[in-house]
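Encoded as structure tokens, the structure appears first; notes follow it.
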Amino acid sequence: MQPTNDKRGGTSMFDNIAHSYDFLNHLLTGGIDRYGRKQLVKRGANQPTRSIVDVATGTGDLAIALHRAIRPEQLIGLDLSENMLAVAQKKIERHQLQHSIILQKGNGEKTGLGSFSCDLVTVGFGIRNFQHPEKGLAEFHRLLTRGGRLLILEFSIPTNRLFRSVYLFYFKHLLPLIGKWLSGHASAYSYLPASVLSFPCGETFADMMREAGFQNVSFTSYTFGIVTLYEGVKA
């Protein structure tokens, strides 16, 4: 049976794998997830930023890295998974950042935060999990101050034909088996390749950002196209 990109029940899925999420992410991507986050943080730190909302913050790696690099006055991390947030909270306390990074359970498509409330919105490997990514983009636009930026990091599909075929074999066949074996959760690591393969990456997603009102939209691929960093500005 081919994996499907059914996002219903996604929160419970992430709750179930929260305890092994970091280890398996780093292992199964060969550290590419860490490299991608470094590129996002580097881009985010290239101009002064007072307030950040990190959507789909997960276990908090990106939020912690952003705080270290930018030192904003306020940083809020949002996620729907309580177990992922619990892991993130432990990390934040270990780094003594509990007074600097505030975690909240929240939906990226309807955050409940005020309009014009932040200078930077970030999403690391989370936008493909949204039921309605276009609603998430509209919400991010609402949150940002004028001149504020959106940075989205997401998996994508390599364009080189030879590398793409090798990558897809690993991604569609080996990764789900290894993930199931190590995590004990059958569907989570079948969902991962399905969600990436169905995601409208590259220029298609850039057009979605433009339709949501973002300007100066650009995207940069890294690691032979396995991850892509998207950037847009609220005029």
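A note on labels: chains of the structure tokens are A, B, ... as shown, every chain counts residues from 1, and ligands are counted from 1 in their shown order.
Counting only C-alpha atoms, range 157-161 of chain A has the following residues at most 6 Å away, ignoring those fewer than 4 positions along the same chain: Phe224, Gly225 and Ile226 of chain A.
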Output file for the residues above (N, CA and C atoms, as a CSV table (one decimal), in the first residue's frame):
chain,number,residue,atom,x,y,z
A,224,PHE,N,21.7,19.8,-2.5
A,224,PHE,CA,21.3,19.2,-3.7
A,224,PHE,C,19.8,19.2,-3.9
A,225,GLY,N,19.1,20.2,-3.3
A,225,GLY,CA,17.7,20.3,-3.4
A,225,GLY,C,16.8,19.6,-2.4
A,226,ILE,N,17.4,19.0,-1.4
A,226,ILE,CA,16.7,18.2,-0.4
A,226,ILE,C,15.9,19.2,0.5
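Near Asn83 in chain A, within 10 Å and counting only C-alpha atoms, sit A:Thr11, A:Ser12, A:Phe14, A:Asp15, A:Asn16, A:Ile17, A:Ala18, A:His19, A:Gly58, A:Thr59, A:Asp79, A:Leu80, A:Ala86, A:Val87, A:Ala88, A:Gln89, not including residues fewer than 3 positions from it in the same chain.
Atom to atom, CA of Ala56 in chain A and CA of Tyr170 in chain A stand 25.7 Å apart.
Near Val53 in chain A, within 10 Å and counting only C-alpha atoms, sit Thr57, Ala63, Gln74, Leu75, Ile76, Gly77, Leu78, Ile101, Ile102, Leu103, Thr111, Leu113, Ser117, Cys118, Asp119, Leu120, Val121, Thr122, Val123, Phe140, Leu143, Leu144 and Leu150 of chain A, not including residues fewer than 4 positions from it in the same chain.
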